[in-house]
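Visitor: A single structure is presented below for examination.
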Amino acid sequence: MTNDLNNFQTKELPQKIQEILITFGAKKEIGLREYLRTFNQSSLNNIQSILGDSIYLEVKNYLDCYLIHSKNKKIVITSGQKI
């Protein structure tokens, strides 16, 4: 994911994908209490080994998506997709 935010569009992700991103997505601190989650190869490997091939194939449709959440993981601030 690049730092050029003009290449991203806010988009609501399905609840299931949000939960998978929060649980398995690569995590990057972007503020005092906010975290960015994206899929990378390591997270995809974990998803496939823990959740199985069917979920892995479903997640592959969202590889260019991101999610920003609160530190306690209870509030999704925004989500979107690279365009």
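Identifiers in the structure tokens: chain A, B, ... in order shown; residue index from 1 per chain; ligand index from 1 in order shown.
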With the cut-off set at 8 Å and counting only C-alpha atoms, tabulate each residue of region 35-61 of chain A with an atom at most that distance from an atom of region 65-77 of chain A, showing the nearest atom pair and its distance in Å to one decimal, ordered by chain and increasing number, as a tab-separated table.

Guide:
```
residue	atom	partner	partner_atom	distance
A:Tyr35	CA	A:Ile68	CA	5.4
A:Leu36	CA	A:Ile68	CA	4.5
A:Arg37	CA	A:Leu67	CA	5.2
A:Thr38	CA	A:Tyr66	CA	4.9
A:Phe39	CA	A:Cys65	CA	7.6
```

Visitor: With distances taken over only C-alpha atoms, which residue among A:Tyr56, A:Gly31, A:Ala26, A:Gln18 lies nearest Ser43 (chain A)?

Guide: A:Ala26

Visitor: Report the distance between CA of Ser49 (chain A) and CA of Phe24 (chain A) in Å, rounded to one decimal place.

Guide: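 One can read the CA of Ser49 (chain A) to CA of Phe24 (chain A) distance as 11.5 Å.
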
Visitor: Taking only C-alpha atoms into account, which of A:Ser42, A:Gln9, A:Pro14, A:Arg33 comes nearest Tyr62 (chain A)?

Guide: A:Pro14

Visitor: DSSP on the backbone, then: every residue of chain A marked helix (DSSP H, G or I), written as a ChimeraX atom specification.

Guide: /A:5-7,15-24,41-51,53-62

Visitor: May I ask which of the residues A:Asn46, A:Asn40, A:Gln15, A:Gln81 is the closest one to Lys27 (chain A), counting only C-alpha atoms?

Guide: A:Asn40

Visitor: For Ile47 (chain A), which residue out of A:Gly25, A:Glu12, A:Leu63, A:Asn7 is the nearest one, using only C-alpha atoms?

Guide: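 The shortest atom-to-atom distance to Ile47 (chain A) comes from A:Gly25.
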
Visitor: Please indicate the distance in Å from CA of Phe8 (chain A) to CA of Leu32 (chain A), rounded to one decimal place.

Guide: 22.2 Å

Visitor: If I take CA of Ile83 (chain A) and CA of Thr10 (chain A), how far is one from the other in Å, to one decimal?

Guide: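 Interatomic distance here is 9.9 Å.
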